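Participant: Have a look at this one.
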Amino acid sequence: MTLLICRTCPRYDTRGSGEFGRELAAAIAEQPGGAAVTVRKVQCLGGCPDDGVAAVDGPGKARVRFSRLDAGHAAAVIAAAEAHDACASGTPGDWQVPAELADRISSVTPKRGHDPAR
């Protein structure tokens with residue numbers, strides 16, 4: 001399972017830029033189940049100006065982006081990554097989004113040309 005974490009958040013805070021990614025990745029590594037999550041720090045996930053952005057993604061699955069996260073969401077992010085990984089489509093509604101993250105979904109991007117029914 002893959003978790004994408006913005007490594008520039010908060011982008012518009014020059015002193016704190018990158019802090020979010022380091023803190024969330026460290027918090028995930030400390031959680032039970034955190035070792036099973038592949039963390040990729042990416043340049044930007046397009047969630048600005050709402051910082052604290054991470055996304056669950058996988059081949060042929062919808063990418064689900066969350067905003068306004070902090071290190072305290074590590075356990076919920078791991079649960080989201082596990083549930084997303086177990087779902088064929090990756091589309092919220094087809095998997096249980098942790099309650100702490102439900103109102104933090106900022107984007108759902110289906111893969112082009114992918115039909116999860118195949």
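Chain labels A, B, ... are given in the sequence in which chains occur in the structure tokens; within each chain residues are numbered consecutively from 1, and ligands are likewise numbered from 1 in the order shown.
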Any chance you could list, as a PyMOL selection string, the residues in range 7-109 of chain A that come up strand (DSSP E or B) when DSSP is run on the backbone?
Facilitator: chain A and resi 38-42+54-57+63-66+105-109
Participant: Take the residues from that selection and write them out as a PDB file, in the first residue's frame, keeping C-alpha atoms.
Facilitator:
ATOM      1  CA  THR A  38       5.121   2.493   1.835  1.00  0.00           C
ATOM      2  CA  VAL A  39       5.589   6.224   2.335  1.00  0.00           C
ATOM      3  CA  ARG A  40       6.575   8.342  -0.660  1.00  0.00           C
ATOM      4  CA  LYS A  41       7.312  11.977  -0.026  1.00  0.00           C
ATOM      5  CA  VAL A  42       6.270  13.882  -3.128  1.00  0.00           C
ATOM      6  CA  ALA A  54      -1.372  13.238   2.152  1.00  0.00           C
ATOM      7  CA  ALA A  55      -3.036  10.798  -0.239  1.00  0.00           C
ATOM      8  CA  VAL A  56      -3.672   7.085  -0.535  1.00  0.00           C
ATOM      9  CA  ASP A  57      -3.053   5.689  -3.988  1.00  0.00           C
ATOM     10  CA  ARG A  63      -6.257   8.571  -5.468  1.00  0.00           C
ATOM     11  CA  VAL A  64      -7.859   9.994  -2.334  1.00  0.00           C
ATOM     12  CA  ARG A  65      -6.284  13.171  -0.986  1.00  0.00           C
ATOM     13  CA  PHE A  66      -6.672  14.404   2.577  1.00  0.00           C
ATOM     14  CA  ILE A 105     -11.086  14.425   1.977  1.00  0.00           C
ATOM     15  CA  SER A 106     -10.116  17.215  -0.403  1.00  0.00           C
ATOM     16  CA  SER A 107      -9.968  15.318  -3.685  1.00  0.00           C
ATOM     17  CA  VAL A 108     -10.835  11.961  -5.259  1.00  0.00           C
ATOM     18  CA  THR A 109      -9.139  11.308  -8.591  1.00  0.00           C
TER      19      THR A 109
END
Participant: What separation in Å, quoted to one decimal, exists between CA of Ala75 in chain A and CA of Pro98 in chain A?
Facilitator: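 These atoms are spaced 9.5 Å apart.
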Participant: Taking only C-alpha atoms into account, name the residue in A:Cys44, A:Lys61, A:Ile5, A:Arg112 that is nearest to Ala88 in chain A.
Facilitator: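 Of A:Cys44, A:Lys61, A:Ile5, A:Arg112, the one nearest Ala88 in chain A, counting only C-alpha atoms, is A:Lys61.
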Participant: Can you list, as a list in words, every protein, DNA or RNA residue that comes within 12 Å of Ala86 in chain A when you count only C-alpha atoms, leaving out same-chain residues fewer than 2 positions away?
Facilitator: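 Here the answer would be Met1, Thr2, Val56, Asp57, Gly58, Lys61, Ala79, Ala80, Ala81, Glu82, Ala83, His84, Ala88, Ser89, Gly90, Thr91, Asp94, Trp95 and Gln96 of chain A.
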Participant: For Ser67 in chain A, please output as a PyMOL selection string all residues within 10 Å (counting only C-alpha atoms; exclusion window: fewer than 3 positions along the same chain).
Facilitator: chain A and resi 45-55+70+101+103-107
Participant: Based on DSSP run over this structure's backbone, return all residues of chain A in alpha helix (DSSP H), as a PDB file with C-alpha atoms, in the first residue's frame.
Facilitator:
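Ended up saving to result.pdb:
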ATOM      1  CA  GLU A  19       7.952  20.116   8.495  1.00  0.00           C
ATOM      2  CA  PHE A  20       4.607  18.358   8.007  1.00  0.00           C
ATOM      3  CA  GLY A  21       6.039  15.562   5.855  1.00  0.00           C
ATOM      4  CA  ARG A  22       8.853  14.828   8.282  1.00  0.00           C
ATOM      5  CA  GLU A  23       6.518  14.814  11.293  1.00  0.00           C
ATOM      6  CA  LEU A  24       3.807  12.647   9.713  1.00  0.00           C
ATOM      7  CA  ALA A  25       6.310  10.117   8.314  1.00  0.00           C
ATOM      8  CA  ALA A  26       7.986   9.817  11.736  1.00  0.00           C
ATOM      9  CA  ALA A  27       4.629   9.401  13.495  1.00  0.00           C
ATOM     10  CA  ILE A  28       3.568   6.694  11.014  1.00  0.00           C
ATOM     11  CA  ALA A  29       6.840   4.800  11.537  1.00  0.00           C
ATOM     12  CA  GLU A  30       6.146   4.736  15.290  1.00  0.00           C
ATOM     13  CA  ALA A  74      -0.972   8.935  11.866  1.00  0.00           C
ATOM     14  CA  ALA A  75      -3.084   5.994  13.093  1.00  0.00           C
ATOM     15  CA  ALA A  76      -6.090   7.108  11.022  1.00  0.00           C
ATOM     16  CA  VAL A  77      -3.887   7.562   7.944  1.00  0.00           C
ATOM     17  CA  ILE A  78      -2.532   4.016   8.350  1.00  0.00           C
ATOM     18  CA  ALA A  79      -6.100   2.687   8.690  1.00  0.00           C
ATOM     19  CA  ALA A  80      -7.079   4.601   5.540  1.00  0.00           C
ATOM     20  CA  ALA A  81      -4.107   3.197   3.616  1.00  0.00           C
ATOM     21  CA  GLU A  82      -4.979  -0.355   4.689  1.00  0.00           C
ATOM     22  CA  ALA A  83      -8.673   0.033   3.789  1.00  0.00           C
ATOM     23  CA  HIS A  84      -7.854   1.681   0.456  1.00  0.00           C
ATOM     24  CA  ASP A  85      -5.384  -1.093  -0.355  1.00  0.00           C
ATOM     25  CA  ALA A  86      -8.025  -3.763   0.297  1.00  0.00           C
ATOM     26  CA  ALA A  99     -14.138   8.971  10.949  1.00  0.00           C
ATOM     27  CA  GLU A 100     -11.258  11.325  11.816  1.00  0.00           C
ATOM     28  CA  LEU A 101     -10.502  11.725   8.104  1.00  0.00           C
ATOM     29  CA  ALA A 102     -13.986  11.751   6.560  1.00  0.00           C
TER      30      ALA A 102
END
Participant: What gap, in Å, lies between CA of Asp13 in chain A and CA of His73 in chain A?
Facilitator: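 These two atoms are separated by 20.9 Å.
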Participant: Neighbours of Gly18 in chain A within 8 Å (only C-alpha atoms; same-chain residues fewer than 2 positions away dropped), as an MDAnalysis selection string?
Facilitator: chainID A and resid 6:11 16 20:22
